[in-house]
Amino acid sequence: EAFQTFIKQYKGANAAKRMLLAQNELEGCDLALKWNAETSDARVEINKLGEQINTVASEFAPVNFSNDILYYSSNMKGQRSRIFRSQRSGGQWSPSVTPEFPVMPEGQVANGAFSSDNKRFYFTICRNDRAWQDIQSECDLYVISRQGSQWSPPEKLRDYIKMDGTTATHPFVV
């Protein structure tokens with residue numbers, strides 16, 4: 001309804017462009033309603049993973065390694081964010097552990113993503129001393145590669161991945 005009202009009433013700057021954007025959003029809403037109607041009998045169960053993973057700190061950016069192994073980011077052990085690992089066994093998640101990754105450069109290490117073959121792990125390192133409080137943190141994307149049972153040292157992705165003066169975070173592998 002809000003998009004329809006906007007389309008009918010907006011007369012401000014860049015009206016034609018904004019109308020196209022609003023129309024696209026409206027079509028997205030219509031598509032979501034259509035898909036919802038087509039799958040109304042489908043049920044989704046949402047479960048809290050438990051206190052072994054969900055702590056009083058911030059846990060974020062979960063990524064599956066397998067059906068029973070989860071990597072995620074947290075600042076649970078101090079102010080700097082790190083990547084942790086938990087494994088499910090018998091329906092319960094194990095206490096969080098630090099994966100056997102190589103020594104990482106200083107900074108906030110978070111937001112991982114595995115390649116489809118699980119042989120490369122992409123992640124973010126942000127360098128700041130304010131524990132995520134400065135939106136202008138300098139963040140770069142890195143990768144480590146599995147070589148047998150070991151991981152390679154972290155390698156910053158090439159400069160064309162991130163333009164100068166920008167920050168890069170939350171890699172996603174396709």
# chains A, B, ... in the order shown; residues from 1 in each chain; ligands from 1
>>> residues_around(residues="A:Gln150", least_positions_apart="5", cutoff="10 Å", atoms="only C-alpha atoms", output="compact mmCIF listing (two decimals) with N, CA and C atoms, in the first residue's frame")
# COMPACT_ATOMS: atom_id res chain seq x y z
N GLU A 100 41.40 -24.10 14.07
CA GLU A 100 42.85 -24.21 13.90
C GLU A 100 43.28 -23.48 12.63
N PHE A 101 43.00 -22.19 12.61
CA PHE A 101 43.42 -21.33 11.51
C PHE A 101 44.83 -20.84 11.79
N PRO A 102 45.52 -20.33 10.78
CA PRO A 102 46.85 -19.75 11.00
C PRO A 102 46.74 -18.47 11.83
N ILE A 144 42.25 -17.84 3.19
CA ILE A 144 43.20 -18.88 3.56
C ILE A 144 42.79 -20.12 2.76
N SER A 145 43.76 -20.95 2.43
CA SER A 145 43.49 -22.15 1.63
C SER A 145 43.92 -23.38 2.41
>>> select_by_dssp(residues="stretch 93-152 of chain A", states="strand (DSSP E)", output="ChimeraX atom specification")
/A:93,108-114,120-127,138-147,150-151
>>> atom_distance(atom1="atom CA of A:Asn67", atom2="atom CA of A:Thr55")
21.5 Å
>>> closest_residue(among="A:Gly112, A:Gly148, A:Pro154, A:Pro95", to="A:Ile83", atoms="only C-alpha atoms")
A:Gly112
>>> residues_around(residues="A:His170", least_positions_apart="6", cutoff="9 Å", atoms="only C-alpha atoms", output="PyMOL selection string")
chain A and resi 61+110-113+122-124+141
>>> write_last_selection(atoms="N, CA, C and O atoms", output="JSON list (two decimals), in the first residue's frame")
[["chain", "number", "residue", "atom", "x", "y", "z"],
["A", 61, "ALA", "N", 27.07, -13.55, 11.69],
["A", 61, "ALA", "CA", 27.64, -14.07, 10.45],
["A", 61, "ALA", "C", 27.89, -15.58, 10.49],
["A", 61, "ALA", "O", 28.99, -16.03, 10.21],
["A", 110, "ALA", "N", 36.35, -11.54, 11.26],
["A", 110, "ALA", "CA", 34.95, -11.95, 11.30],
["A", 110, "ALA", "C", 34.42, -12.23, 9.90],
["A", 110, "ALA", "O", 35.13, -12.10, 8.92],
["A", 111, "ASN", "N", 33.14, -12.61, 9.86],
["A", 111, "ASN", "CA", 32.35, -12.68, 8.63],
["A", 111, "ASN", "C", 32.93, -13.64, 7.59],
["A", 111, "ASN", "O", 33.28, -13.24, 6.50],
["A", 112, "GLY", "N", 33.00, -14.91, 7.90],
["A", 112, "GLY", "CA", 33.60, -15.87, 6.99],
["A", 112, "GLY", "C", 32.65, -16.46, 5.98],
["A", 112, "GLY", "O", 31.43, -16.44, 6.13],
["A", 113, "ALA", "N", 33.24, -17.01, 4.91],
["A", 113, "ALA", "CA", 32.48, -17.72, 3.87],
["A", 113, "ALA", "C", 33.41, -18.77, 3.25],
["A", 113, "ALA", "O", 34.54, -18.47, 2.90],
["A", 122, "TYR", "N", 37.13, -17.36, 3.08],
["A", 122, "TYR", "CA", 37.25, -15.92, 2.90],
["A", 122, "TYR", "C", 36.70, -15.25, 4.15],
["A", 122, "TYR", "O", 35.72, -15.71, 4.73],
["A", 123, "PHE", "N", 37.31, -14.15, 4.56],
["A", 123, "PHE", "CA", 36.88, -13.48, 5.78],
["A", 123, "PHE", "C", 37.33, -12.03, 5.76],
["A", 123, "PHE", "O", 38.06, -11.60, 4.87],
["A", 124, "THR", "N", 36.88, -11.29, 6.75],
["A", 124, "THR", "CA", 37.16, -9.87, 6.87],
["A", 124, "THR", "C", 38.11, -9.63, 8.03],
["A", 124, "THR", "O", 37.98, -10.25, 9.08],
["A", 141, "LEU", "N", 39.26, -7.87, 2.72],
["A", 141, "LEU", "CA", 38.94, -9.29, 2.59],
["A", 141, "LEU", "C", 40.22, -10.10, 2.44],
["A", 141, "LEU", "O", 41.15, -9.69, 1.75]]
>>> closest_residue(among="A:Tyr10, A:Phe65, A:Tyr71, A:Tyr160", to="A:Asp140", atoms="only C-alpha atoms")
A:Tyr160
>>> closest_residue(among="A:Cys126, A:Cys139, A:Leu31, A:Met76", to="A:Thr167", atoms="only C-alpha atoms")
A:Cys139
>>> residues_around(residues="A:Gln87", least_positions_apart="2", cutoff="10 Å", atoms="only C-alpha atoms", output="JSON, numbers by chain")
{"A": [65, 66, 67, 68, 69, 70, 71, 85, 89, 91, 92, 93, 94, 95, 96, 97]}
>>> atom_distance(atom1="atom CA of A:Ser58", atom2="atom CA of A:Phe84")
12.1 Å
>>> closest_residue(among="A:Lys156, A:Val174, A:Ala57, A:Ser74", to="A:Ser115", atoms="only C-alpha atoms")
A:Val174
>>> select_by_dssp(residues="chain A", states="alpha helix (DSSP H)", output="ChimeraX atom specification")
/A:2-9,15-38
>>> atom_distance(atom1="atom CA of A:Phe114", atom2="atom CA of A:Arg158")
17.9 Å
>>> residues_around(residues="A:Met104", least_positions_apart="4", cutoff="9 Å", atoms="only C-alpha atoms", output="list in words")
Val109, Ile125, Pro153 and Pro154 of chain A
>>> write_last_selection(atoms="C-alpha atoms", output="PDB file, in the first residue's frame")
ATOM      1  CA  VAL A 109      38.500 -11.038  12.315  1.00  0.00           C
ATOM      2  CA  ILE A 125      39.839  -8.187   8.942  1.00  0.00           C
ATOM      3  CA  PRO A 153      48.783 -18.058   5.901  1.00  0.00           C
ATOM      4  CA  PRO A 154      46.131 -15.362   5.329  1.00  0.00           C
TER       5      PRO A 154
END
